[in-house]
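Structure file protein.txt (compact mmCIF, C-alpha atoms and all ligand atoms) is printed below.
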# COMPACT_ATOMS: atom_id res chain seq x y z
CA MET A 33 13.76 22.70 -5.56
CA ASN A 34 16.36 24.69 -3.63
CA THR A 35 13.64 26.77 -1.96
CA LEU A 36 11.79 23.60 -1.06
CA HIS A 37 14.95 22.03 0.30
CA THR A 38 15.54 24.98 2.62
CA MET A 39 11.94 24.91 3.74
CA VAL A 40 11.58 21.20 4.58
CA GLN A 41 12.20 20.54 8.27
CA GLY A 42 12.15 16.79 7.95
CA ALA A 43 14.23 14.97 5.33
CA MET A 44 14.33 15.68 1.62
CA LEU A 45 16.40 13.46 -0.66
CA ARG A 46 16.87 14.63 -4.23
CA GLN A 47 16.93 12.20 -7.15
CA GLU A 48 16.30 9.42 -4.67
CA ALA A 49 16.08 5.91 -6.16
CA MET A 50 12.62 4.58 -5.38
CA ALA A 51 14.15 1.08 -5.42
CA GLN A 52 15.27 1.97 -1.87
CA HIS A 53 11.66 2.49 -0.84
CA THR A 54 9.70 -0.34 -2.45
CA SER A 55 9.34 -3.93 -1.33
CA TYR A 56 10.08 -4.95 -4.94
CA GLY A 57 13.45 -3.17 -4.68
CA ILE A 58 12.60 -1.66 -8.07
CA GLY A 59 12.10 1.90 -9.29
CA GLY A 60 14.02 4.86 -10.69
CA PRO A 61 14.56 8.24 -9.00
CA ALA A 62 11.92 10.58 -7.64
CA LYS A 63 12.72 14.27 -8.09
CA ALA A 64 12.45 14.57 -4.31
CA TYR A 65 11.60 12.01 -1.65
CA ILE A 66 10.31 13.85 1.40
CA THR A 67 9.61 12.78 4.96
CA PRO A 68 7.95 15.74 6.70
CA LYS A 69 8.82 16.28 10.33
CA ASP A 70 5.31 16.98 11.55
CA LYS A 71 1.91 18.33 10.50
CA ASN A 72 3.13 21.93 10.17
CA ASP A 73 5.99 20.84 7.95
CA LEU A 74 3.62 18.71 5.87
CA ALA A 75 1.19 21.62 5.46
CA GLN A 76 3.96 23.93 4.23
CA ILE A 77 5.26 21.33 1.77
CA LEU A 78 1.81 20.67 0.35
CA GLN A 79 1.07 24.38 -0.03
CA PHE A 80 4.43 24.91 -1.77
CA ALA A 81 3.76 22.00 -4.12
CA ARG A 82 0.33 23.37 -4.97
CA GLN A 83 1.54 26.94 -5.54
CA ASN A 84 4.35 25.71 -7.79
CA ASN A 85 2.30 23.11 -9.65
CA LEU A 86 4.64 20.31 -8.62
CA PRO A 87 3.17 16.86 -9.23
CA THR A 88 2.95 15.23 -5.80
CA TYR A 89 2.50 11.57 -4.86
CA PHE A 90 1.90 10.00 -1.46
CA VAL A 91 3.39 6.67 -0.46
CA GLY A 92 3.65 4.61 2.70
CA SER A 93 6.33 1.92 2.87
CA GLY A 94 6.09 0.92 -0.80
CA SER A 95 4.83 -2.63 -0.27
CA ASN A 96 2.18 -2.27 -2.95
CA LEU A 97 4.12 -0.14 -5.41
CA LEU A 98 5.57 -0.72 -8.84
CA VAL A 99 7.65 2.31 -9.86
CA ALA A 100 8.92 2.82 -13.41
CA ASP A 101 12.65 2.46 -14.15
CA GLU A 102 12.55 6.07 -15.42
CA GLY A 103 11.41 7.18 -11.98
CA ILE A 104 8.84 9.76 -10.92
CA ASP A 105 8.83 13.30 -12.23
CA GLY A 106 7.54 14.88 -9.05
CA LEU A 107 7.60 14.95 -5.27
CA VAL A 108 7.06 11.77 -3.31
CA ILE A 109 5.89 12.32 0.25
CA THR A 110 5.89 9.60 2.87
CA LEU A 111 4.80 9.76 6.49
CA GLY A 112 6.29 6.33 7.08
CA LYS A 113 9.13 7.48 9.32
CA SER A 114 7.54 10.36 11.19
CA PHE A 115 3.80 10.09 11.85
CA LYS A 116 4.13 7.20 14.29
CA HIS A 117 1.87 7.98 17.24
CA LEU A 118 -0.27 5.05 18.43
CA LYS A 119 -2.67 5.32 21.36
CA ILE A 120 -5.05 2.63 22.59
CA ILE A 121 -7.63 3.37 25.27
CA ASP A 122 -10.05 0.53 26.04
CA ALA A 123 -11.25 -0.64 22.60
CA ASN A 124 -10.45 2.68 20.89
CA VAL A 125 -7.36 2.79 18.72
CA TYR A 126 -5.88 6.05 17.44
CA ALA A 127 -2.96 5.74 15.03
CA GLU A 128 -1.06 8.08 12.74
CA SER A 129 -0.61 6.83 9.22
CA GLY A 130 3.14 6.17 9.52
CA VAL A 131 2.49 3.47 12.14
CA MET A 132 3.31 0.07 10.68
CA LEU A 133 0.12 -1.93 10.35
CA GLY A 134 1.86 -4.95 11.92
CA LYS A 135 2.66 -2.95 15.05
CA MET A 136 -0.91 -1.76 15.42
CA VAL A 137 -2.26 -5.27 14.90
CA LYS A 138 0.15 -6.77 17.47
CA GLU A 139 -0.73 -4.11 20.07
CA CYS A 140 -4.44 -4.83 19.54
CA ILE A 141 -3.90 -8.59 19.82
CA ARG A 142 -1.92 -8.09 23.03
CA ARG A 143 -4.96 -6.33 24.53
CA HIS A 144 -7.32 -9.05 23.19
CA LEU A 145 -9.03 -6.55 20.93
CA SER A 146 -10.72 -8.24 18.01
CA GLY A 147 -11.21 -6.78 14.53
CA VAL A 148 -7.79 -6.49 12.92
CA GLU A 149 -6.09 -9.77 13.90
CA SER A 150 -6.59 -11.36 10.47
CA LEU A 151 -4.36 -8.60 9.05
CA ILE A 152 -1.34 -9.98 10.88
CA GLY A 153 1.53 -10.22 8.39
CA VAL A 154 0.23 -7.63 5.92
CA PRO A 155 3.25 -5.37 5.35
CA GLY A 156 3.03 -1.60 5.14
CA THR A 157 1.87 1.47 6.99
CA LEU A 158 -1.60 2.26 8.27
CA GLY A 159 -1.94 5.02 5.62
CA GLY A 160 -1.25 2.57 2.80
CA ALA A 161 -3.59 0.01 4.36
CA LEU A 162 -6.47 2.51 4.50
CA VAL A 163 -6.03 3.70 0.94
CA MET A 164 -5.76 0.11 -0.34
CA ASN A 165 -8.43 -1.12 2.07
CA ALA A 166 -5.97 -3.87 2.94
CA GLY A 167 -7.57 -7.15 3.83
CA ALA A 168 -6.78 -10.79 4.53
CA PHE A 169 -8.53 -13.90 5.70
CA GLY A 170 -11.96 -12.29 5.89
CA GLY A 171 -10.99 -9.01 7.58
CA GLU A 172 -10.52 -5.55 6.09
CA ILE A 173 -8.90 -2.49 7.68
CA SER A 174 -12.06 -0.41 7.07
CA ASN A 175 -14.32 -2.74 9.09
CA TYR A 176 -14.01 -1.04 12.47
CA LEU A 177 -13.07 2.43 11.30
CA LYS A 178 -14.54 5.42 13.16
CA HIS A 179 -12.95 8.23 11.18
CA VAL A 180 -9.93 9.23 9.13
CA THR A 181 -8.10 12.55 9.08
CA VAL A 182 -6.48 13.74 5.86
CA MET A 183 -4.61 16.87 4.84
CA THR A 184 -5.48 18.71 1.63
CA MET A 185 -3.01 20.42 -0.73
CA ALA A 186 -4.06 23.68 0.96
CA GLY A 187 -2.51 22.30 4.15
CA GLU A 188 -5.89 21.96 5.84
CA GLU A 189 -7.03 19.01 7.92
CA LYS A 190 -10.30 17.32 7.07
CA GLN A 191 -12.10 14.41 8.68
CA TYR A 192 -14.07 11.64 7.00
CA VAL A 193 -16.40 9.11 8.59
CA PRO A 194 -17.12 5.77 6.87
CA GLY A 195 -19.83 6.39 4.30
CA GLU A 196 -18.15 9.60 3.14
CA ILE A 197 -15.38 7.38 1.79
CA GLU A 198 -16.40 4.15 0.09
CA PHE A 199 -14.38 1.04 0.75
CA SER A 200 -14.53 -2.08 -1.38
CA TYR A 201 -12.19 -4.94 -2.25
CA ARG A 202 -8.66 -3.37 -2.29
CA HIS A 203 -10.17 -0.02 -3.09
CA SER A 204 -11.14 3.22 -1.41
CA THR A 205 -12.34 6.56 -2.72
CA PHE A 206 -9.87 8.85 -0.91
CA PRO A 207 -9.13 11.75 -3.29
CA SER A 208 -5.61 11.31 -4.71
CA ASP A 209 -4.69 14.88 -3.74
CA GLU A 210 -5.30 14.33 -0.02
CA ILE A 211 -2.83 12.62 2.28
CA VAL A 212 -4.11 10.38 5.05
CA ILE A 213 -2.55 11.43 8.34
CA SER A 214 -4.36 9.46 11.04
CA ALA A 215 -7.33 7.26 11.83
CA GLU A 216 -9.38 6.03 14.73
CA PHE A 217 -10.96 2.61 15.15
CA GLU A 218 -13.33 1.09 17.64
CA LEU A 219 -12.56 -2.61 18.03
CA ILE A 220 -14.29 -5.31 20.07
CA GLN A 221 -13.03 -6.29 23.49
CA SER A 222 -12.71 -10.06 23.19
CA ASP A 223 -10.84 -12.87 24.93
CA GLU A 224 -7.38 -14.27 24.39
CA SER A 225 -8.35 -17.60 22.82
CA THR A 226 -10.72 -16.08 20.22
CA VAL A 227 -8.19 -13.48 19.12
CA MET A 228 -5.26 -15.91 19.10
CA GLU A 229 -7.23 -18.46 17.09
CA LYS A 230 -8.05 -15.95 14.34
CA ARG A 231 -4.47 -14.71 14.39
CA ALA A 232 -3.14 -18.27 14.00
CA VAL A 233 -5.41 -19.02 11.02
CA ALA A 234 -4.24 -15.86 9.25
CA SER A 235 -0.59 -16.30 10.08
CA GLY A 236 -0.51 -20.00 9.13
CA GLY A 237 -2.43 -19.38 5.90
CA ARG A 238 -0.04 -16.65 4.86
CA LYS A 239 3.08 -18.74 5.47
CA ALA A 240 1.61 -21.69 3.57
CA THR A 241 0.55 -19.75 0.48
CA GLN A 242 2.91 -16.83 -0.03
CA PRO A 243 6.51 -16.79 -1.36
CA LEU A 244 7.79 -14.69 1.53
CA LYS A 245 11.48 -15.43 0.87
CA PHE A 246 11.59 -13.20 -2.22
CA ARG A 247 10.92 -9.52 -2.83
CA SER A 248 7.45 -8.80 -4.16
CA ALA A 249 4.55 -6.38 -3.80
CA GLY A 250 2.09 -9.07 -2.75
CA SER A 251 -0.73 -9.85 -5.18
CA VAL A 252 -0.22 -8.25 -8.56
CA PHE A 253 -3.86 -8.53 -9.67
CA LYS A 254 -7.18 -8.27 -7.86
CA ASN A 255 -9.16 -11.48 -7.82
CA PRO A 256 -11.82 -11.30 -10.54
CA LYS A 257 -15.42 -12.25 -9.70
CA GLU A 258 -14.86 -15.66 -11.33
CA GLY A 259 -12.23 -16.75 -8.75
CA ALA A 260 -8.61 -16.31 -7.70
CA ALA A 261 -6.35 -14.44 -10.14
CA GLY A 262 -3.52 -16.84 -9.21
CA PHE A 263 -5.66 -19.83 -10.23
CA TYR A 264 -6.15 -18.48 -13.76
CA ILE A 265 -2.49 -17.49 -14.16
CA ASP A 266 -1.53 -20.99 -13.02
CA GLN A 267 -4.09 -22.65 -15.34
CA ALA A 268 -2.67 -20.58 -18.20
CA GLY A 269 0.62 -22.39 -17.56
CA LEU A 270 2.52 -19.29 -16.52
CA LYS A 271 3.85 -20.29 -13.10
CA GLY A 272 7.63 -20.06 -13.12
CA THR A 273 7.76 -17.86 -16.26
CA LYS A 274 10.79 -15.56 -16.10
CA VAL A 275 11.65 -12.27 -17.76
CA GLY A 276 15.09 -11.02 -16.76
CA ASP A 277 15.35 -11.45 -13.02
CA ALA A 278 11.58 -11.35 -12.45
CA GLU A 279 9.47 -14.46 -12.13
CA ILE A 280 5.81 -15.44 -11.79
CA SER A 281 6.18 -17.27 -8.50
CA GLU A 282 6.08 -21.08 -8.53
CA HIS A 283 4.60 -20.83 -5.05
CA HIS A 284 1.75 -18.38 -5.73
CA ALA A 285 1.05 -17.37 -9.33
CA ASN A 286 -0.36 -13.96 -8.36
CA PHE A 287 2.97 -12.99 -6.75
CA PHE A 288 5.64 -11.82 -9.17
CA VAL A 289 9.03 -11.91 -7.49
CA ASN A 290 12.30 -10.07 -7.94
CA HIS A 291 15.27 -12.44 -7.69
CA GLY A 292 17.62 -9.50 -7.19
CA GLN A 293 18.22 -7.52 -10.37
CA ALA A 294 14.72 -7.31 -11.87
CA THR A 295 13.66 -4.05 -13.50
CA ALA A 296 10.20 -2.51 -13.68
CA GLU A 297 10.28 -3.35 -17.37
CA ASP A 298 10.69 -7.07 -16.50
CA ILE A 299 7.64 -6.94 -14.21
CA VAL A 300 5.65 -5.00 -16.83
CA SER A 301 6.42 -7.73 -19.40
CA LEU A 302 5.14 -10.41 -17.00
CA ILE A 303 2.02 -8.36 -16.21
CA ARG A 304 1.22 -7.92 -19.89
CA LEU A 305 1.89 -11.59 -20.60
CA ALA A 306 -0.40 -12.72 -17.76
CA ARG A 307 -3.21 -10.33 -18.72
CA LYS A 308 -3.05 -11.31 -22.40
CA THR A 309 -2.82 -15.07 -21.84
CA VAL A 310 -5.56 -15.21 -19.19
CA TYR A 311 -7.81 -13.10 -21.41
CA GLU A 312 -7.19 -15.29 -24.46
CA GLN A 313 -7.76 -18.52 -22.55
CA PHE A 314 -10.55 -17.59 -20.13
CA GLY A 315 -12.02 -14.29 -21.37
CA ILE A 316 -11.07 -12.59 -18.09
CA MET A 317 -9.21 -9.27 -18.14
CA LEU A 318 -7.23 -9.13 -14.90
CA GLU A 319 -7.18 -5.80 -13.11
CA LEU A 320 -4.05 -4.54 -11.33
CA GLU A 321 -3.98 -4.53 -7.52
CA VAL A 322 -0.46 -3.06 -7.31
CA THR A 323 -0.27 0.72 -7.51
CA THR A 324 1.87 1.93 -10.39
CA LEU A 325 3.81 5.20 -10.45
CA GLY A 326 5.79 6.88 -13.22
CA PHE A 327 4.46 4.87 -16.20
CA THR A 328 3.01 6.36 -19.38
CA PRO A 329 -0.70 5.72 -19.87
CA GLY A 330 -1.37 2.48 -21.72
CA THR A 331 1.76 0.71 -20.44
CA PHE A 332 -0.25 -2.17 -18.98
CA ASP A 333 -2.83 -2.46 -21.77
CA VAL A 334 -2.88 -5.62 -23.87
C1 LIG B 1 4.62 -10.13 0.91
C2 LIG B 1 3.42 -9.22 0.78
C3 LIG B 1 2.19 -9.67 1.22
C4 LIG B 1 1.06 -8.85 1.11
N1 LIG B 1 -0.15 -9.32 1.54
C5 LIG B 1 -1.24 -8.51 1.48
C6 LIG B 1 -2.51 -8.97 1.98
O1 LIG B 1 -2.66 -10.07 2.49
N2 LIG B 1 -3.57 -8.12 1.89
C7 LIG B 1 -3.46 -6.87 1.36
O2 LIG B 1 -4.46 -6.14 1.32
N3 LIG B 1 -2.27 -6.41 0.87
C8 LIG B 1 -1.17 -7.19 0.92
N4 LIG B 1 0.04 -6.75 0.44
C9 LIG B 1 0.11 -5.42 -0.20
C10 LIG B 1 0.50 -4.27 0.75
O3 LIG B 1 1.14 -4.76 1.89
C11 LIG B 1 -0.72 -3.45 1.16
O4 LIG B 1 -1.39 -2.91 0.06
C12 LIG B 1 -0.34 -2.32 2.14
O5 LIG B 1 -1.50 -1.87 2.77
C13 LIG B 1 0.38 -1.15 1.46
O6 LIG B 1 0.88 -0.30 2.49
P1 LIG B 1 2.13 0.66 2.21
O7 LIG B 1 2.31 1.55 3.38
O8 LIG B 1 3.32 -0.14 1.83
O9 LIG B 1 1.57 1.51 1.00
P2 LIG B 1 2.30 1.87 -0.38
O10 LIG B 1 2.58 0.61 -1.13
O11 LIG B 1 3.42 2.79 -0.15
O12 LIG B 1 1.11 2.66 -1.12
C14 LIG B 1 -0.07 1.98 -1.48
C15 LIG B 1 -1.11 2.99 -1.95
O13 LIG B 1 -1.52 3.81 -0.87
C16 LIG B 1 -1.26 5.18 -1.14
N5 LIG B 1 -0.81 5.78 0.13
C17 LIG B 1 0.08 5.25 1.01
N6 LIG B 1 0.15 6.01 2.13
C18 LIG B 1 -0.70 7.05 1.93
C19 LIG B 1 -1.10 8.17 2.73
N7 LIG B 1 -0.61 8.38 3.95
N8 LIG B 1 -2.01 9.04 2.21
C20 LIG B 1 -2.54 8.84 0.97
N9 LIG B 1 -2.20 7.80 0.17
C21 LIG B 1 -1.31 6.91 0.66
C22 LIG B 1 -0.22 5.20 -2.26
O14 LIG B 1 -0.35 6.35 -3.03
C23 LIG B 1 -0.60 3.95 -3.02
O15 LIG B 1 -1.69 4.23 -3.87
C24 LIG B 1 1.17 -7.54 0.54
C25 LIG B 1 2.44 -7.09 0.12
C26 LIG B 1 3.57 -7.92 0.24
C27 LIG B 1 4.90 -7.40 -0.19
What does this structure look like when you write it as structure tokens?
Ligand SMILES: Cc1cc2nc3c(=O)[nH]c(=O)nc-3n(C[C@H](O)[C@H](O)[C@H](O)COP(=O)(O)OP(=O)(O)OC[C@H]3O[C@@H](n4cnc5c(N)ncnc54)[C@H](O)[C@@H]3O)c2cc1C
Amino acid sequence: MNTLHTMVQGAMLRQEAMAQHTSYGIGGPAKAYITPKDKNDLAQILQFARQNNLPTYFVGSGSNLLVADEGIDGLVITLGKSFKHLKIIDANVYAESGVMLGKMVKECIRRHLSGVESLIGVPGTLGGALVMNAGAFGGEISNYLKHVTVMTMAGEEKQYVPGEIEFSYRHSTFPSDEIVISAEFELIQSDESTVMEKRAVASGGRKATQPLKFRSAGSVFKNPKEGAAGFYIDQAGLKGTKVGDAEISEHHANFFVNHGQATAEDIVSLIRLARKTVYEQFGIMLELEVTTLGFTPGTFDV
């Protein structure tokens, strides 16, 4: 770790509480939380991690992450504070993965470019959005994608075009040992009223349905083919159920909120309760949408 610390040109925080880096405000320490300075720095860090067999995890801004109270036994790398370049020429958008999705969406809306306006209000970085195939109100980040550049653990850049990576509902097939560093999109030049109308529908819908006053990671479960996960959790009578300082939101049953002091263990208990109850009552096994880090296999099984 000392060698790595000397090598990193960006920032490296040791035993850094992941609670500082997740929208839940939950999570124990990562061995090292690293923000590389640039591509060269990133390449060196990845090569070092590979040569030394250090488990390595990539995160964006932690808005879809549940991290165990015990923390993460490995390196956590984020590009969220460094890889921030955004360039828009005509309808072509180039963005590095540390760009906040909201910023990219607003810049596109300002130029009356259509294609990502329904994603207004989705928190997180572009990198996280691509890996999660973030979507809202009928739009998905992968819809107008031209290509994505990743870096491998050998420190080499590689480009993918859609088709080489599959995107589906809140899912992509990026290899977990490659970090997304940038992407390019080709949007549609539209007019102000069309873009603003779509933006307003998305923005209004979000405010009406989501408990935005409290810390959460958005939807806990993916919607099953039968309907909305929140509907079944609600029908199972679980809205408002509390464990410790965590609660199944009264406002939106698929959002589990942290009232301040919740632990990962509290959220895990609610997840297990919801999965078990919905399965017993409706025969549906809910699948997690949130990404989990640092848990032992089987933690979420019921
Ligand atoms: C209030 C609220 C509302 C939300 N609403 C929506 C919504 O409407 N639609 C929606 O889709 N999501 C929603 N989310 C979830 C979340 O905002 C998205 O999943 C977002 O895209 C995650 O981005 P992030 O940068 O925070 O990624 P993180 O949470 O940090 O990471 C998410 C995943 O991406 C991986 N990852 C992140 N960056 C990289 C990278 N550069 N290279 C490789 N892997 C990477 C991580 O390993 C992890 O698997 C919501 C969350 C909150 C808190």
What's the 9 Å shell around segment 71-79 of chain A, counting only C-alpha atoms, without same-chain residues fewer than 3 positions away, as a PyMOL selection string? chain A and resi 36+39-42+67-68+82-84+88+109+115+183-189+213
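Between atom CA of Ser129 of chain A and atom CA of Leu107 of chain A there is a distance of 18.5 Å.
A cut-off of 10 Å from the point (-0.6, -17.7, -2.1), with only C-alpha atoms, picks out the residues Gly237, Arg238, Lys239, Ala240, Thr241, Gln242, Pro243, Leu244, Gly250, Ser251, Ala260, Gly262, Phe263, Ser281, Glu282, His283, His284, Ala285, Asn286 and Phe287 of chain A.
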Which is closer to Leu98 of chain A than all the others in A:Ser301, A:Ser200, A:Asn165, A:Ser55, using only C-alpha atoms? A:Ser55
Could I get the residue neighbourhood of ligand LIG 1 (chain B) at 7 Å, counting all atoms listed in the file, as a ChimeraX atom specification? /A:55,89-97,110-111,129,151,154-168,202,208,210-213,242,244,247-251,323
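Nearest-residue note for Ile121 of chain A: choosing from A:Glu149, A:Asp209, A:Glu139, A:Asp333, the minimum distance belongs to A:Glu139, counting only C-alpha atoms.
With distances restricted to all atoms listed in the file, A:Thr54 is the closest residue to Leu325 of chain A from A:Thr38, A:Thr54, A:Gln47, A:Thr205.
If you measure from each of A:Gly269, A:Pro329, A:Gly103, A:Gly292 to Leu305 of chain A using only C-alpha atoms, the closest one turns out to be A:Gly269.
When only C-alpha atoms are used to measure the gap to Ile197 of chain A, the shortest distance among A:Tyr311, A:Ala127, A:Asp70, A:Val182 belongs to A:Val182.
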So how far away is atom CA of Val233 of chain A from atom CA of Asn175 of chain A, in Å? 18.7 Å
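Of the residues listed (A:Ala232, A:Ile316, A:Ala81, A:Ala51), A:Ala232 shows the shortest atom-to-atom separation from Ser150 of chain A; distances use only C-alpha atoms.
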Polymer residues at most 12 Å from Thr328 of chain A, only C-alpha atoms, same-chain spacing of 2 or more positions, as a PyMOL selection string: chain A and resi 99-105+300+324-326+330-333
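Reported to one decimal place, the separation of atom CA of Lys245 of chain A from atom CA of Lys308 of chain A is 27.7 Å.
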Val193 of chain A environment, 12 Å, only C-alpha atoms, sequence neighbours closer than 4 positions dropped, as a PDB file with C-alpha atoms, in the frame of the given file:
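Written out: result-v3.pdb:
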ATOM      1  CA  SER A 174     -12.060  -0.410   7.070  1.00  0.00           C
ATOM      2  CA  TYR A 176     -14.010  -1.040  12.470  1.00  0.00           C
ATOM      3  CA  LEU A 177     -13.070   2.430  11.300  1.00  0.00           C
ATOM      4  CA  LYS A 178     -14.540   5.420  13.160  1.00  0.00           C
ATOM      5  CA  HIS A 179     -12.950   8.230  11.180  1.00  0.00           C
ATOM      6  CA  VAL A 180      -9.930   9.230   9.130  1.00  0.00           C
ATOM      7  CA  THR A 181      -8.100  12.550   9.080  1.00  0.00           C
ATOM      8  CA  VAL A 182      -6.480  13.740   5.860  1.00  0.00           C
ATOM      9  CA  ILE A 197     -15.380   7.380   1.790  1.00  0.00           C
ATOM     10  CA  GLU A 198     -16.400   4.150   0.090  1.00  0.00           C
ATOM     11  CA  PHE A 199     -14.380   1.040   0.750  1.00  0.00           C
ATOM     12  CA  PHE A 206      -9.870   8.850  -0.910  1.00  0.00           C
ATOM     13  CA  ALA A 215      -7.330   7.260  11.830  1.00  0.00           C
ATOM     14  CA  GLU A 216      -9.380   6.030  14.730  1.00  0.00           C
ATOM     15  CA  PHE A 217     -10.960   2.610  15.150  1.00  0.00           C
TER      16      PHE A 217
END
Centre and size of axis-aligned box enclosing segment 237-244 of chain A plus 5 Å each side, as AutoDock Vina command-line options:
--center_x 2.7 --center_y -18.2 --center_z 2.3 --size_x 20.2 --size_y 17.0 --size_z 17.3
Output segment 96-110 of chain A from the block with N, CA, C and O atoms, as a PDB file, in the first residue's frame?
ATOM      1  N   ASN A  96     -25.939   4.329  -6.578  1.00  0.00           N
ATOM      2  CA  ASN A  96     -26.629   3.045  -6.753  1.00  0.00           C
ATOM      3  C   ASN A  96     -25.939   1.958  -5.942  1.00  0.00           C
ATOM      4  O   ASN A  96     -26.027   0.794  -6.256  1.00  0.00           O
ATOM      5  N   LEU A  97     -25.253   2.372  -4.882  1.00  0.00           N
ATOM      6  CA  LEU A  97     -24.391   1.436  -4.154  1.00  0.00           C
ATOM      7  C   LEU A  97     -24.837   1.178  -2.732  1.00  0.00           C
ATOM      8  O   LEU A  97     -25.108   2.121  -1.979  1.00  0.00           O
ATOM      9  N   LEU A  98     -24.860  -0.116  -2.372  1.00  0.00           N
ATOM     10  CA  LEU A  98     -25.001  -0.482  -0.969  1.00  0.00           C
ATOM     11  C   LEU A  98     -23.697  -1.165  -0.569  1.00  0.00           C
ATOM     12  O   LEU A  98     -23.343  -2.211  -1.124  1.00  0.00           O
ATOM     13  N   VAL A  99     -22.969  -0.546   0.359  1.00  0.00           N
ATOM     14  CA  VAL A  99     -21.668  -1.084   0.788  1.00  0.00           C
ATOM     15  C   VAL A  99     -21.801  -1.640   2.205  1.00  0.00           C
ATOM     16  O   VAL A  99     -22.410  -1.010   3.085  1.00  0.00           O
ATOM     17  N   ALA A 100     -21.213  -2.815   2.416  1.00  0.00           N
ATOM     18  CA  ALA A 100     -21.313  -3.493   3.715  1.00  0.00           C
ATOM     19  C   ALA A 100     -20.699  -2.652   4.838  1.00  0.00           C
ATOM     20  O   ALA A 100     -19.760  -1.882   4.605  1.00  0.00           O
ATOM     21  N   ASP A 101     -21.233  -2.837   6.054  1.00  0.00           N
ATOM     22  CA  ASP A 101     -20.685  -2.122   7.222  1.00  0.00           C
ATOM     23  C   ASP A 101     -19.224  -2.490   7.455  1.00  0.00           C
ATOM     24  O   ASP A 101     -18.446  -1.696   7.983  1.00  0.00           O
ATOM     25  N   GLU A 102     -18.851  -3.718   7.062  1.00  0.00           N
ATOM     26  CA  GLU A 102     -17.468  -4.188   7.255  1.00  0.00           C
ATOM     27  C   GLU A 102     -16.530  -3.537   6.247  1.00  0.00           C
ATOM     28  O   GLU A 102     -15.317  -3.638   6.377  1.00  0.00           O
ATOM     29  N   GLY A 103     -17.088  -2.929   5.221  1.00  0.00           N
ATOM     30  CA  GLY A 103     -16.267  -2.241   4.231  1.00  0.00           C
ATOM     31  C   GLY A 103     -15.852  -3.134   3.074  1.00  0.00           C
ATOM     32  O   GLY A 103     -16.430  -4.205   2.855  1.00  0.00           O
ATOM     33  N   ILE A 104     -14.844  -2.688   2.344  1.00  0.00           N
ATOM     34  CA  ILE A 104     -14.412  -3.369   1.121  1.00  0.00           C
ATOM     35  C   ILE A 104     -12.933  -3.686   1.230  1.00  0.00           C
ATOM     36  O   ILE A 104     -12.102  -2.787   1.392  1.00  0.00           O
ATOM     37  N   ASP A 105     -12.620  -4.981   1.141  1.00  0.00           N
ATOM     38  CA  ASP A 105     -11.236  -5.416   1.255  1.00  0.00           C
ATOM     39  C   ASP A 105     -10.570  -5.289  -0.116  1.00  0.00           C
ATOM     40  O   ASP A 105     -10.344  -6.276  -0.807  1.00  0.00           O
ATOM     41  N   GLY A 106     -10.282  -4.084  -0.516  1.00  0.00           N
ATOM     42  CA  GLY A 106      -9.672  -3.884  -1.828  1.00  0.00           C
ATOM     43  C   GLY A 106      -9.589  -2.409  -2.169  1.00  0.00           C
ATOM     44  O   GLY A 106      -9.878  -1.547  -1.332  1.00  0.00           O
ATOM     45  N   LEU A 107      -9.173  -2.163  -3.422  1.00  0.00           N
ATOM     46  CA  LEU A 107      -9.063  -0.780  -3.895  1.00  0.00           C
ATOM     47  C   LEU A 107     -10.399  -0.368  -4.502  1.00  0.00           C
ATOM     48  O   LEU A 107     -11.019  -1.147  -5.216  1.00  0.00           O
ATOM     49  N   VAL A 108     -10.788   0.856  -4.235  1.00  0.00           N
ATOM     50  CA  VAL A 108     -11.966   1.417  -4.903  1.00  0.00           C
ATOM     51  C   VAL A 108     -11.470   2.587  -5.741  1.00  0.00           C
ATOM     52  O   VAL A 108     -10.819   3.496  -5.222  1.00  0.00           O
ATOM     53  N   ILE A 109     -11.758   2.523  -7.032  1.00  0.00           N
ATOM     54  CA  ILE A 109     -11.295   3.594  -7.926  1.00  0.00           C
ATOM     55  C   ILE A 109     -12.494   4.346  -8.464  1.00  0.00           C
ATOM     56  O   ILE A 109     -13.461   3.737  -8.933  1.00  0.00           O
ATOM     57  N   THR A 110     -12.440   5.657  -8.367  1.00  0.00           N
ATOM     58  CA  THR A 110     -13.509   6.479  -8.936  1.00  0.00           C
ATOM     59  C   THR A 110     -12.915   7.530  -9.861  1.00  0.00           C
ATOM     60  O   THR A 110     -11.854   8.085  -9.578  1.00  0.00           O
TER      61      THR A 110
END
